[in-house]
Amino acid sequence: MKISRQMIVAAFLFLLALSITVEAGYYRGSLRKAESVHFGLNFPVPEGKSVGGKGKKEVVLYYNEQGLLKRIFQPNVVEIGSHRIKNVGDKPYVVRLELINVPPGMEVIWETNELAWDDETKTLRRPLKPRQRFGMSWVFHIPEELRDKPVIYDGGLRVIDAETGEQLAFLPIKILNKEGGRR
């Protein structure tokens, strides 16, 4: 059987596509702990209960475990987000979100596709009915003076009833440098 140049090129392109696919999967898997963390957040939460699914009680992101491409092209940016901020109660709520304990000099950009979101007040202008949900992402721009600290951010996300001021849920969020991690 004679192997043509066309068959060799096709085999090479197939192997190249396969290796890119495998590497992309590996890279995406590495994002979980260092570059992008996503979580579910239920409210209202009775005292002592978990705010997230599967017992998740806090979000921890390890800044110094970022991959090579991330360290080269976006060394100061990390993203935390939820596609499921969900009302698990039995009545509608107008919710306000608050990130607490953001260090001076750290910029956080709030991103959502929710048309009823008021970015100035960080409030969803429409009531969120029982079992309804919405999504939000936070892009943290880490200032240079914080990048090598063991604890970059130690705060959290509060879900507040905008009409009464009552806290409906709180999720601790930490951005850390893992001891012995890359840098």
# chains A, B, ... in the order shown; residues from 1 in each chain; ligands from 1

call {"tool": "residues_around", "arguments": {"residues": "stretch 124-140 of chain A", "least_positions_apart": "6", "cutoff": "6 Å", "atoms": "only C-alpha atoms", "output": "PyMOL selection string"}}
result
chain A and resi 77-95+108-112+116-117

call {"tool": "residues_around", "arguments": {"residues": "A:Gly165", "least_positions_apart": "2", "cutoff": "12 Å", "atoms": "only C-alpha atoms", "output": "PyMOL selection string"}}
result
chain A and resi 93-98+123+158-163+167-169

call {"tool": "write_last_selection", "arguments": {"atoms": "N, CA and C atoms", "output": "compact mmCIF listing (two decimals), in the first residue's frame"}}
result
# COMPACT_ATOMS: atom_id res chain seq x y z
N TYR A 93 -38.16 38.08 46.23
CA TYR A 93 -37.24 39.03 46.86
C TYR A 93 -36.66 39.96 45.82
N VAL A 94 -36.52 41.23 46.17
CA VAL A 94 -35.71 42.17 45.41
C VAL A 94 -34.34 42.10 46.10
N VAL A 95 -33.33 41.62 45.36
CA VAL A 95 -32.04 41.36 46.00
C VAL A 95 -31.00 42.40 45.62
N ARG A 96 -30.15 42.67 46.60
CA ARG A 96 -28.96 43.50 46.41
C ARG A 96 -27.77 42.63 46.77
N LEU A 97 -26.71 42.74 45.99
CA LEU A 97 -25.49 41.98 46.25
C LEU A 97 -24.41 42.93 46.75
N GLU A 98 -23.55 42.42 47.60
CA GLU A 98 -22.48 43.23 48.15
C GLU A 98 -21.24 42.36 48.32
N THR A 123 -28.27 46.15 42.61
CA THR A 123 -29.58 45.62 42.95
C THR A 123 -30.29 45.09 41.70
N ARG A 158 -22.43 38.98 49.99
CA ARG A 158 -23.69 39.04 50.75
C ARG A 158 -24.85 39.18 49.78
N VAL A 159 -25.91 38.42 50.03
CA VAL A 159 -27.18 38.58 49.33
C VAL A 159 -28.12 39.22 50.34
N ILE A 160 -28.68 40.37 49.97
CA ILE A 160 -29.46 41.18 50.90
C ILE A 160 -30.85 41.42 50.31
N ASP A 161 -31.85 41.35 51.16
CA ASP A 161 -33.20 41.76 50.78
C ASP A 161 -33.16 43.28 50.66
N ALA A 162 -33.27 43.80 49.44
CA ALA A 162 -33.13 45.24 49.20
C ALA A 162 -34.24 46.06 49.85
N GLU A 163 -35.36 45.43 50.14
CA GLU A 163 -36.49 46.16 50.74
C GLU A 163 -36.39 46.25 52.26
N GLN A 167 -29.98 40.26 55.64
CA GLN A 167 -29.06 39.41 54.91
C GLN A 167 -29.74 38.07 54.66
N LEU A 168 -29.77 37.66 53.40
CA LEU A 168 -30.41 36.41 53.01
C LEU A 168 -29.41 35.27 52.88
N ALA A 169 -28.16 35.60 52.57
CA ALA A 169 -27.10 34.59 52.44
C ALA A 169 -25.76 35.29 52.48

call {"tool": "closest_residue", "arguments": {"among": "A:Pro172, A:Glu120, A:Leu18, A:Leu68", "to": "A:Leu157", "atoms": "only C-alpha atoms"}}
result
A:Pro172

call {"tool": "closest_residue", "arguments": {"among": "A:Lys122, A:Lys178, A:Lys70, A:His141", "to": "A:Pro104", "atoms": "only C-alpha atoms"}}
result
A:His141

call {"tool": "residues_around", "arguments": {"residues": "A:Asn76", "least_positions_apart": "3", "cutoff": "12 Å", "atoms": "only C-alpha atoms", "output": "PyMOL selection string"}}
result
chain A and resi 34-35+63-64+66+70-73+79+106-108+139-148+152+175

call {"tool": "write_last_selection", "arguments": {"atoms": "N, CA and C atoms", "output": "PDB file, in the first residue's frame"}}
result
ATOM      1  N   ALA A  34      -7.480  28.201  39.912  1.00  0.00           N
ATOM      2  CA  ALA A  34      -6.569  29.326  39.843  1.00  0.00           C
ATOM      3  C   ALA A  34      -7.032  30.501  39.002  1.00  0.00           C
ATOM      4  N   GLU A  35      -7.878  30.303  38.037  1.00  0.00           N
ATOM      5  CA  GLU A  35      -8.179  31.389  37.119  1.00  0.00           C
ATOM      6  C   GLU A  35      -9.645  31.750  37.051  1.00  0.00           C
ATOM      7  N   TYR A  63      -4.343  32.118  43.429  1.00  0.00           N
ATOM      8  CA  TYR A  63      -3.815  33.034  42.420  1.00  0.00           C
ATOM      9  C   TYR A  63      -2.493  32.548  41.823  1.00  0.00           C
ATOM     10  N   ASN A  64      -1.573  32.057  42.633  1.00  0.00           N
ATOM     11  CA  ASN A  64      -0.250  31.683  42.122  1.00  0.00           C
ATOM     12  C   ASN A  64      -0.225  30.309  41.452  1.00  0.00           C
ATOM     13  N   GLN A  66      -1.933  29.857  38.623  1.00  0.00           N
ATOM     14  CA  GLN A  66      -2.386  30.129  37.259  1.00  0.00           C
ATOM     15  C   GLN A  66      -1.463  29.464  36.246  1.00  0.00           C
ATOM     16  N   LYS A  70      -2.045  32.344  31.159  1.00  0.00           N
ATOM     17  CA  LYS A  70      -2.718  33.325  32.020  1.00  0.00           C
ATOM     18  C   LYS A  70      -1.692  34.258  32.655  1.00  0.00           C
ATOM     19  N   ARG A  71      -0.581  33.709  33.135  1.00  0.00           N
ATOM     20  CA  ARG A  71       0.455  34.545  33.769  1.00  0.00           C
ATOM     21  C   ARG A  71       1.098  35.504  32.777  1.00  0.00           C
ATOM     22  N   ILE A  72       1.138  35.110  31.514  1.00  0.00           N
ATOM     23  CA  ILE A  72       1.742  35.984  30.503  1.00  0.00           C
ATOM     24  C   ILE A  72       0.769  37.069  30.058  1.00  0.00           C
ATOM     25  N   PHE A  73      -0.475  36.680  29.725  1.00  0.00           N
ATOM     26  CA  PHE A  73      -1.404  37.612  29.099  1.00  0.00           C
ATOM     27  C   PHE A  73      -2.343  38.344  30.058  1.00  0.00           C
ATOM     28  N   GLU A  79     -11.407  35.618  37.773  1.00  0.00           N
ATOM     29  CA  GLU A  79     -12.865  35.725  37.649  1.00  0.00           C
ATOM     30  C   GLU A  79     -13.539  34.728  38.579  1.00  0.00           C
ATOM     31  N   MET A 106      -7.979  47.505  44.671  1.00  0.00           N
ATOM     32  CA  MET A 106      -8.442  46.356  43.881  1.00  0.00           C
ATOM     33  C   MET A 106      -9.737  46.746  43.166  1.00  0.00           C
ATOM     34  N   GLU A 107      -9.711  46.694  41.848  1.00  0.00           N
ATOM     35  CA  GLU A 107     -10.909  46.985  41.057  1.00  0.00           C
ATOM     36  C   GLU A 107     -11.668  45.692  40.815  1.00  0.00           C
ATOM     37  N   VAL A 108     -12.980  45.738  40.974  1.00  0.00           N
ATOM     38  CA  VAL A 108     -13.832  44.580  40.699  1.00  0.00           C
ATOM     39  C   VAL A 108     -14.891  45.021  39.698  1.00  0.00           C
ATOM     40  N   VAL A 139     -14.983  40.208  38.034  1.00  0.00           N
ATOM     41  CA  VAL A 139     -13.629  40.183  37.496  1.00  0.00           C
ATOM     42  C   VAL A 139     -12.771  41.032  38.428  1.00  0.00           C
ATOM     43  N   PHE A 140     -11.879  40.359  39.144  1.00  0.00           N
ATOM     44  CA  PHE A 140     -10.998  41.019  40.105  1.00  0.00           C
ATOM     45  C   PHE A 140      -9.705  41.395  39.403  1.00  0.00           C
ATOM     46  N   HIS A 141      -9.347  42.672  39.466  1.00  0.00           N
ATOM     47  CA  HIS A 141      -8.063  43.149  38.956  1.00  0.00           C
ATOM     48  C   HIS A 141      -7.146  43.316  40.160  1.00  0.00           C
ATOM     49  N   ILE A 142      -6.168  42.419  40.267  1.00  0.00           N
ATOM     50  CA  ILE A 142      -5.298  42.360  41.434  1.00  0.00           C
ATOM     51  C   ILE A 142      -4.167  43.371  41.276  1.00  0.00           C
ATOM     52  N   PRO A 143      -4.085  44.360  42.191  1.00  0.00           N
ATOM     53  CA  PRO A 143      -2.984  45.328  42.092  1.00  0.00           C
ATOM     54  C   PRO A 143      -1.637  44.662  42.410  1.00  0.00           C
ATOM     55  N   GLU A 144      -0.597  45.186  41.817  1.00  0.00           N
ATOM     56  CA  GLU A 144       0.734  44.596  41.941  1.00  0.00           C
ATOM     57  C   GLU A 144       1.162  44.409  43.396  1.00  0.00           C
ATOM     58  N   GLU A 145       0.813  45.354  44.257  1.00  0.00           N
ATOM     59  CA  GLU A 145       1.249  45.261  45.652  1.00  0.00           C
ATOM     60  C   GLU A 145       0.591  44.112  46.426  1.00  0.00           C
ATOM     61  N   LEU A 146      -0.468  43.523  45.885  1.00  0.00           N
ATOM     62  CA  LEU A 146      -1.136  42.404  46.560  1.00  0.00           C
ATOM     63  C   LEU A 146      -0.772  41.038  45.969  1.00  0.00           C
ATOM     64  N   ARG A 147      -0.180  41.004  44.798  1.00  0.00           N
ATOM     65  CA  ARG A 147       0.010  39.748  44.059  1.00  0.00           C
ATOM     66  C   ARG A 147       0.869  38.711  44.781  1.00  0.00           C
ATOM     67  N   ASP A 148       1.803  39.129  45.609  1.00  0.00           N
ATOM     68  CA  ASP A 148       2.683  38.178  46.293  1.00  0.00           C
ATOM     69  C   ASP A 148       2.304  37.957  47.751  1.00  0.00           C
ATOM     70  N   ILE A 152      -4.703  37.521  49.348  1.00  0.00           N
ATOM     71  CA  ILE A 152      -4.957  38.652  48.457  1.00  0.00           C
ATOM     72  C   ILE A 152      -6.328  39.251  48.742  1.00  0.00           C
ATOM     73  N   ILE A 175      -9.115  34.783  47.828  1.00  0.00           N
ATOM     74  CA  ILE A 175      -8.110  34.661  46.777  1.00  0.00           C
ATOM     75  C   ILE A 175      -6.783  34.589  47.519  1.00  0.00           C
TER      76      ILE A 175
END

call {"tool": "select_by_dssp", "arguments": {"residues": "stretch 12-182 of chain A", "states": "helix (DSSP H, G or I)", "output": "number ranges by chain"}}
result
A: 12-34, 53-55, 63-65, 68-73, 144-146

call {"tool": "write_last_selection", "arguments": {"atoms": "N, CA and C atoms", "output": "CSV table (one decimal), in the first residue's frame"}}
result
chain,number,residue,atom,x,y,z
A,12,PHE,N,-1.3,14.1,10.1
A,12,PHE,CA,-0.6,15.1,10.9
A,12,PHE,C,-1.7,16.1,11.4
A,13,LEU,N,-2.6,16.6,10.6
A,13,LEU,CA,-3.6,17.5,11.0
A,13,LEU,C,-4.5,16.9,12.0
A,14,PHE,N,-4.8,15.6,11.9
A,14,PHE,CA,-5.7,14.9,12.8
A,14,PHE,C,-5.0,14.9,14.2
A,15,LEU,N,-3.7,14.5,14.2
A,15,LEU,CA,-3.0,14.4,15.5
A,15,LEU,C,-2.8,15.8,16.1
A,16,LEU,N,-2.6,16.8,15.3
A,16,LEU,CA,-2.5,18.2,15.8
A,16,LEU,C,-3.8,18.6,16.5
A,17,ALA,N,-4.9,18.4,15.8
A,17,ALA,CA,-6.3,18.7,16.3
A,17,ALA,C,-6.5,17.9,17.6
A,18,LEU,N,-6.2,16.7,17.7
A,18,LEU,CA,-6.4,15.8,18.8
A,18,LEU,C,-5.6,16.4,20.0
A,19,SER,N,-4.3,16.7,19.8
A,19,SER,CA,-3.5,17.3,20.9
A,19,SER,C,-4.0,18.6,21.4
A,20,ILE,N,-4.5,19.4,20.5
A,20,ILE,CA,-5.0,20.7,20.9
A,20,ILE,C,-6.3,20.5,21.8
A,21,THR,N,-7.1,19.6,21.4
A,21,THR,CA,-8.3,19.3,22.1
A,21,THR,C,-8.0,18.8,23.5
A,22,VAL,N,-7.0,17.9,23.6
A,22,VAL,CA,-6.6,17.3,24.9
A,22,VAL,C,-6.0,18.4,25.8
A,23,GLU,N,-5.1,19.2,25.2
A,23,GLU,CA,-4.5,20.3,26.0
A,23,GLU,C,-5.5,21.3,26.4
A,24,ALA,N,-6.5,21.6,25.6
A,24,ALA,CA,-7.6,22.6,26.0
A,24,ALA,C,-8.4,22.1,27.1
A,25,GLY,N,-8.7,20.8,27.1
A,25,GLY,CA,-9.4,20.2,28.3
A,25,GLY,C,-8.5,20.2,29.5
A,26,TYR,N,-7.2,19.9,29.4
A,26,TYR,CA,-6.4,20.0,30.6
A,26,TYR,C,-6.3,21.5,31.1
A,27,TYR,N,-6.2,22.4,30.2
A,27,TYR,CA,-6.1,23.8,30.6
A,27,TYR,C,-7.4,24.3,31.3
A,28,ARG,N,-8.5,23.9,30.7
A,28,ARG,CA,-9.8,24.2,31.3
A,28,ARG,C,-9.9,23.6,32.7
A,29,GLY,N,-9.5,22.4,32.9
A,29,GLY,CA,-9.5,21.8,34.2
A,29,GLY,C,-8.7,22.5,35.2
A,30,SER,N,-7.6,23.1,34.7
A,30,SER,CA,-6.7,23.8,35.7
A,30,SER,C,-7.3,25.2,36.0
A,31,LEU,N,-8.2,25.7,35.3
A,31,LEU,CA,-8.8,27.0,35.6
A,31,LEU,C,-9.6,26.9,36.9
A,32,ARG,N,-10.2,25.8,37.2
A,32,ARG,CA,-11.0,25.6,38.4
A,32,ARG,C,-10.4,26.2,39.7
A,33,LYS,N,-9.1,26.0,39.9
A,33,LYS,CA,-8.5,26.4,41.2
A,33,LYS,C,-7.8,27.7,41.1
A,34,ALA,N,-7.5,28.2,39.9
A,34,ALA,CA,-6.6,29.3,39.8
A,34,ALA,C,-7.0,30.5,39.0
A,53,GLY,N,-24.6,24.5,46.5
A,53,GLY,CA,-24.9,23.1,46.3
A,53,GLY,C,-23.8,22.2,46.8
A,54,LYS,N,-24.1,21.0,47.1
A,54,LYS,CA,-23.1,20.0,47.5
A,54,LYS,C,-22.2,20.4,48.6
A,55,GLY,N,-22.8,21.1,49.6
A,55,GLY,CA,-22.1,21.5,50.8
A,55,GLY,C,-21.0,22.5,50.7
A,63,TYR,N,-4.3,32.1,43.4
A,63,TYR,CA,-3.8,33.0,42.4
A,63,TYR,C,-2.5,32.5,41.8
A,64,ASN,N,-1.6,32.1,42.6
A,64,ASN,CA,-0.2,31.7,42.1
A,64,ASN,C,-0.2,30.3,41.5
A,65,GLU,N,-1.4,29.7,41.3
A,65,GLU,CA,-1.5,28.4,40.5
A,65,GLU,C,-2.0,28.6,39.1
A,68,LEU,N,0.5,29.1,32.5
A,68,LEU,CA,1.5,29.9,31.8
A,68,LEU,C,0.9,31.0,31.0
A,69,LEU,N,-0.1,30.6,30.1
A,69,LEU,CA,-0.7,31.6,29.3
A,69,LEU,C,-1.4,32.7,30.1
A,70,LYS,N,-2.0,32.3,31.2
A,70,LYS,CA,-2.7,33.3,32.0
A,70,LYS,C,-1.7,34.3,32.7
A,71,ARG,N,-0.6,33.7,33.1
A,71,ARG,CA,0.5,34.5,33.8
A,71,ARG,C,1.1,35.5,32.8
A,72,ILE,N,1.1,35.1,31.5
A,72,ILE,CA,1.7,36.0,30.5
A,72,ILE,C,0.8,37.1,30.1
A,73,PHE,N,-0.5,36.7,29.7
A,73,PHE,CA,-1.4,37.6,29.1
A,73,PHE,C,-2.3,38.3,30.1
A,144,GLU,N,-0.6,45.2,41.8
A,144,GLU,CA,0.7,44.6,41.9
A,144,GLU,C,1.2,44.4,43.4
A,145,GLU,N,0.8,45.4,44.3
A,145,GLU,CA,1.2,45.3,45.7
A,145,GLU,C,0.6,44.1,46.4
A,146,LEU,N,-0.5,43.5,45.9
A,146,LEU,CA,-1.1,42.4,46.6
A,146,LEU,C,-0.8,41.0,46.0

call {"tool": "atom_distance", "arguments": {"atom1": "atom CA of A:Val60", "atom2": "atom CA of A:Glu179"}}
result
13.8 Å

call {"tool": "atom_distance", "arguments": {"atom1": "atom CA of A:Gly156", "atom2": "atom CA of A:Leu115"}}
result
24.2 Å

call {"tool": "atom_distance", "arguments": {"atom1": "atom CA of A:Tyr153", "atom2": "atom CA of A:Gln74"}}
result
17.8 Å

call {"tool": "closest_residue", "arguments": {"among": "A:Ile173, A:Ala10, A:Ile3, A:Leu61", "to": "A:Asn101", "atoms": "only C-alpha atoms"}}
result
A:Ile173

call {"tool": "select_by_dssp", "arguments": {"residues": "stretch 93-171 of chain A", "states": "strand (DSSP E)", "output": "VMD selection string"}}
result
chain A and resid 95 to 100 107 to 111 117 to 118 123 to 124 133 to 141 151 to 161 167 to 171

call {"tool": "write_last_selection", "arguments": {"atoms": "C-alpha atoms", "output": "short mmCIF file (atom, residue, chain, number, x, y, z; two decimals), in the first residue's frame"}}
result
data_model
loop_
_atom_site.label_atom_id
_atom_site.label_comp_id
_atom_site.auth_asym_id
_atom_site.auth_seq_id
_atom_site.Cartn_x
_atom_site.Cartn_y
_atom_site.Cartn_z
CA VAL A 95 -32.04 41.36 46.00
CA ARG A 96 -28.96 43.50 46.41
CA LEU A 97 -25.49 41.98 46.25
CA GLU A 98 -22.48 43.23 48.15
CA LEU A 99 -18.83 42.17 47.99
CA ILE A 100 -17.33 42.84 51.39
CA GLU A 107 -10.91 46.99 41.06
CA VAL A 108 -13.83 44.58 40.70
CA ILE A 109 -15.96 44.61 37.55
CA TRP A 110 -19.48 43.18 37.88
CA GLU A 111 -20.85 41.44 34.78
CA TRP A 117 -29.64 44.80 37.05
CA ASP A 118 -28.79 48.24 38.46
CA THR A 123 -29.58 45.62 42.95
CA LEU A 124 -31.83 43.43 40.83
CA ARG A 133 -32.31 32.54 39.41
CA PHE A 134 -29.88 34.88 37.73
CA GLY A 135 -26.15 34.94 36.99
CA MET A 136 -23.33 37.28 37.91
CA SER A 137 -19.55 37.32 37.42
CA TRP A 138 -16.92 39.36 39.20
CA VAL A 139 -13.63 40.18 37.50
CA PHE A 140 -11.00 41.02 40.11
CA HIS A 141 -8.06 43.15 38.96
CA VAL A 151 -3.93 36.41 51.37
CA ILE A 152 -4.96 38.65 48.46
CA TYR A 153 -8.67 38.84 49.24
CA ASP A 154 -10.54 37.54 52.27
CA GLY A 155 -14.11 38.70 52.07
CA GLY A 156 -17.32 37.41 50.66
CA LEU A 157 -20.59 37.94 48.90
CA ARG A 158 -23.69 39.04 50.75
CA VAL A 159 -27.18 38.58 49.33
CA ILE A 160 -29.46 41.18 50.90
CA ASP A 161 -33.20 41.76 50.78
CA GLN A 167 -29.06 39.41 54.91
CA LEU A 168 -30.41 36.41 53.01
CA ALA A 169 -27.10 34.59 52.44
CA PHE A 170 -23.37 35.02 52.84
CA LEU A 171 -20.66 33.16 50.93
#
